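These notes are about the structure you will find just below.
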Amino acid sequence: MKSVLGHAMSMSAAMFLSLLSMGASALEVGERVPDIELHGSTKADRLSSYQGKVVYVDFWASWCGPCQKSFPWMNAMQEKYQDQDFQVIGINLDAKQGDADKFLGKMPAKFNVAFDAKADSARLFGVKGMPTSLLIGRDGKVIYQHTGFNEAGRVEIEKMIEVALKGAQ
């Protein structure tokens, strides 16, 4: 059973990587983010509905090890800064939403989660690895873009969130 599951996870990862290899280049700091639909989202239908807020968009998948580590931190950031017009949005890129649902059953999100099984949004954002995160200013432009997740990066990203919330970009 484990080998079948491992094979399925490898297939999902391989499909994801092949999809992204056809994608656009990563968004640069200062670029306006595309106005994507947030499918399956519980709070908004489009990214543009968050205009005026500082938004942390995180592209993730159930098979991504660093994604498991990032969820508690994103939950903490959402709770800590939500009263300051801050919103975390997780965009799941699993081919099957059921895989994401299992992940969320073990690691609940206290932030908005959308699903993009075809990885259309990932191509528009130029996602090259998992997880990929972008900090978006109130003006809808990229402040910061990062691939991966580790303990050291958390402090830097939180400082950038605080600066963005104060309006100094």
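Residues are referred to by chain and number: the chain letter is A, B, ... according to the order shown in the structure tokens, the number counts from 1 in that chain, and ligands are numbered separately from 1 in the order shown.
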Q: Would you please give, as a list in words, all residues of segment 35-85 of chain A that DSSP assigns to alpha helix (DSSP H) based on the backbone?
A: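 Alpha helix (DSSP H) assignments inside segment 35-85 of chain A correspond to Gly65, Pro66, Cys67, Gln68, Lys69, Ser70, Phe71, Pro72, Trp73, Met74, Asn75, Ala76, Met77, Gln78, Glu79, Lys80 and Tyr81 of chain A.
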Check which residues of segment 34-134 of chain A sit at most 10 Å from segment 157-164 of chain A using only C-alpha atoms, and return one row each with the closest pair of atoms and their distance in Å to one decimal, ordered by chain and rising number, as a Markdown table.
```
| residue | atom | partner | partner_atom | distance |
| --- | --- | --- | --- | --- |
| A:Lys53 | CA | A:Ala164 | CA | 9.5 |
| A:Val54 | CA | A:Ala164 | CA | 6.7 |
| A:Val55 | CA | A:Ile161 | CA | 8.8 |
| A:Tyr56 | CA | A:Ile161 | CA | 8.4 |
| A:Trp73 | CA | A:Glu158 | CA | 9.8 |
| A:Met77 | CA | A:Glu158 | CA | 7.8 |
| A:Tyr81 | CA | A:Glu162 | CA | 8.6 |
| A:Gln84 | CA | A:Glu162 | CA | 9.7 |
| A:Phe86 | CA | A:Ile161 | CA | 8.5 |
| A:Ser133 | CA | A:Ile157 | CA | 10.0 |
| A:Leu134 | CA | A:Ile157 | CA | 9.8 |
```
Q) How far is it from atom CA of Gly30 of chain A to atom CA of Glu156 of chain A, in Å with one decimal? A)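 Result for atom CA of Gly30 of chain A versus atom CA of Glu156 of chain A: 18.3 Å, one decimal.
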Q: Could you give me, as a ChimeraX atom specification, the residues within 10 Å of segment 31-36 of chain A, counting only C-alpha atoms and dropping anything in the same chain fewer than 2 positions from it?
A: /A:27-29,38-39,45-49,120-121,124-125,134,136-137,139-143
Q) Which one is closest to Leu135 of chain A: A:Met107, A:Arg123, A:Leu165, A:Ser62? Count only C-alpha atoms. A)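 Residue with the minimum atom-to-atom distance to Leu135 of chain A: A:Leu165.
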Q: Pick out each residue of chain A that DSSP on the backbone tags as strand (DSSP E or B); I need them as a PyMOL selection string.
A: chain A and resi 32+37+46+54-60+86-92+112-115+132-136+141-147
**Q.** atom CA of Met130 of chain A to atom CA of Thr147 of chain A, straight-line distance in Å
**A.**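 That distance, rounded to one decimal, is 6.4 Å.
If you measure from each of A:Gln68, A:Gln145, A:Asn150, A:Thr132 to Phe103 of chain A using only C-alpha atoms, the closest one turns out to be A:Gln68.
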Q.
Rounded to one decimal, what separation in Å do you get between atom CA of Asp58 of chain A and atom CA of Gly90 of chain A?
A. 4.7 Å
Q) Could you name the residues that touch Pro72 of chain A at 12 Å or less, counting only C-alpha atoms, but leaving out those on the same chain fewer than 6 positions away, as a list in words? A) Pro66, Gln78, Glu79, Leu104, Lys106, Met107, Pro108, Ala109, Lys110, Phe111, Phe149, Glu151 and Arg154 of chain A
Export all heavy atoms of the chosen residues as a tab-separated table (two decimals), in the first residue's frame?
```tsv
chain	number	residue	atom	x	y	z
A	66	PRO	N	7.93	20.60	2.84
A	66	PRO	CA	8.01	21.93	3.44
A	66	PRO	C	6.63	22.58	3.63
A	66	PRO	O	6.45	23.41	4.53
A	66	PRO	CB	8.86	22.72	2.46
A	66	PRO	CG	9.69	21.69	1.76
A	66	PRO	CD	8.79	20.49	1.66
A	78	GLN	N	-1.95	34.52	10.03
A	78	GLN	CA	-3.33	34.91	9.78
A	78	GLN	C	-3.99	35.40	11.06
A	78	GLN	O	-4.62	36.45	11.09
A	78	GLN	CB	-4.13	33.74	9.18
A	78	GLN	CG	-5.58	34.08	8.87
A	78	GLN	CD	-5.69	35.16	7.81
A	78	GLN	OE1	-5.18	35.01	6.71
A	78	GLN	NE2	-6.35	36.26	8.13
A	79	GLU	N	-3.81	34.63	12.13
A	79	GLU	CA	-4.41	35.01	13.41
A	79	GLU	C	-3.81	36.32	13.95
A	79	GLU	O	-4.53	37.18	14.43
A	79	GLU	CB	-4.22	33.90	14.44
A	79	GLU	CG	-5.20	32.77	14.26
A	79	GLU	CD	-5.16	31.79	15.42
A	79	GLU	OE1	-4.89	32.21	16.58
A	79	GLU	OE2	-5.38	30.60	15.16
A	104	LEU	N	-5.60	18.68	4.61
A	104	LEU	CA	-6.26	19.67	5.45
A	104	LEU	C	-6.95	19.05	6.66
A	104	LEU	O	-7.13	19.71	7.68
A	104	LEU	CB	-7.26	20.48	4.63
A	104	LEU	CG	-6.63	21.38	3.57
A	104	LEU	CD1	-7.69	21.93	2.62
A	104	LEU	CD2	-5.84	22.52	4.21
A	106	LYS	N	-5.60	16.73	8.42
A	106	LYS	CA	-4.50	16.58	9.39
A	106	LYS	C	-3.90	17.92	9.78
A	106	LYS	O	-3.38	18.09	10.88
A	106	LYS	CB	-3.40	15.69	8.80
A	106	LYS	CG	-3.84	14.27	8.54
A	106	LYS	CD	-2.73	13.50	7.87
A	106	LYS	CE	-3.21	12.13	7.44
A	106	LYS	NZ	-2.22	11.44	6.61
A	107	MET	N	-3.92	18.85	8.85
A	107	MET	CA	-3.28	20.15	9.04
A	107	MET	C	-4.27	21.24	8.63
A	107	MET	O	-4.17	21.82	7.55
A	107	MET	CB	-2.02	20.21	8.15
A	107	MET	CG	-1.15	21.39	8.33
A	107	MET	SD	-0.11	21.30	9.78
A	107	MET	CE	0.79	19.78	9.55
A	108	PRO	N	-5.26	21.53	9.48
A	108	PRO	CA	-6.30	22.49	9.11
A	108	PRO	C	-5.74	23.89	8.84
A	108	PRO	O	-4.77	24.32	9.47
A	108	PRO	CB	-7.22	22.52	10.33
A	108	PRO	CG	-6.91	21.28	11.10
A	108	PRO	CD	-5.47	20.95	10.80
A	109	ALA	N	-6.36	24.57	7.90
A	109	ALA	CA	-5.97	25.94	7.54
A	109	ALA	C	-6.93	26.91	8.21
A	109	ALA	O	-8.15	26.75	8.13
A	109	ALA	CB	-6.02	26.13	6.03
A	110	LYS	N	-6.38	27.92	8.86
A	110	LYS	CA	-7.18	28.99	9.45
A	110	LYS	C	-7.21	30.19	8.51
A	110	LYS	O	-7.42	31.31	8.94
A	110	LYS	CB	-6.60	29.39	10.80
A	110	LYS	CG	-6.63	28.26	11.82
A	110	LYS	CD	-6.00	28.68	13.13
A	110	LYS	CE	-5.99	27.52	14.10
A	110	LYS	NZ	-5.32	27.88	15.36
A	111	PHE	N	-6.97	29.92	7.25
A	111	PHE	CA	-6.95	30.95	6.21
A	111	PHE	C	-7.71	30.43	5.01
A	111	PHE	O	-8.12	29.27	4.96
A	111	PHE	CB	-5.50	31.33	5.86
A	111	PHE	CG	-4.61	30.15	5.60
A	111	PHE	CD1	-4.55	29.55	4.35
A	111	PHE	CD2	-3.82	29.63	6.62
A	111	PHE	CE1	-3.72	28.46	4.12
A	111	PHE	CE2	-2.99	28.53	6.39
A	111	PHE	CZ	-2.95	27.95	5.15
A	149	PHE	N	10.42	26.73	2.15
A	149	PHE	CA	10.05	27.22	3.48
A	149	PHE	C	11.03	26.65	4.48
A	149	PHE	O	11.32	25.46	4.49
A	149	PHE	CB	8.63	26.79	3.86
A	149	PHE	CG	8.19	27.34	5.19
A	149	PHE	CD1	7.71	28.63	5.27
A	149	PHE	CD2	8.29	26.57	6.33
A	149	PHE	CE1	7.32	29.16	6.50
A	149	PHE	CE2	7.90	27.09	7.56
A	149	PHE	CZ	7.42	28.39	7.64
A	151	GLU	N	12.81	27.62	8.71
A	151	GLU	CA	12.68	28.39	9.95
A	151	GLU	C	13.30	29.79	9.83
A	151	GLU	O	12.73	30.76	10.28
A	151	GLU	CB	13.31	27.63	11.11
A	151	GLU	CG	12.66	26.28	11.40
A	151	GLU	CD	11.21	26.40	11.82
A	151	GLU	OE1	10.88	27.28	12.65
A	151	GLU	OE2	10.38	25.63	11.32
A	154	ARG	N	11.20	32.48	8.01
A	154	ARG	CA	9.97	32.94	8.68
A	154	ARG	C	10.14	34.33	9.27
A	154	ARG	O	9.25	35.17	9.14
A	154	ARG	CB	9.57	31.98	9.79
A	154	ARG	CG	9.21	30.63	9.33
A	154	ARG	CD	8.91	29.63	10.42
A	154	ARG	NE	9.10	30.09	11.78
A	154	ARG	CZ	8.53	29.54	12.83
A	154	ARG	NH1	7.75	28.50	12.68
A	154	ARG	NH2	8.75	30.00	14.03
```
Q) Which is closest to Asp85 of chain A among A:Phe59, A:Tyr50, A:Phe115, A:Tyr144, if we use only C-alpha atoms? A) A:Tyr50
Q: Kindly indicate which residue among A:Ala76, A:Asp83, A:Leu93, A:Lys166 lies nearest to Ala117 of chain A, using only C-alpha atoms for the distances.
A: A:Leu93
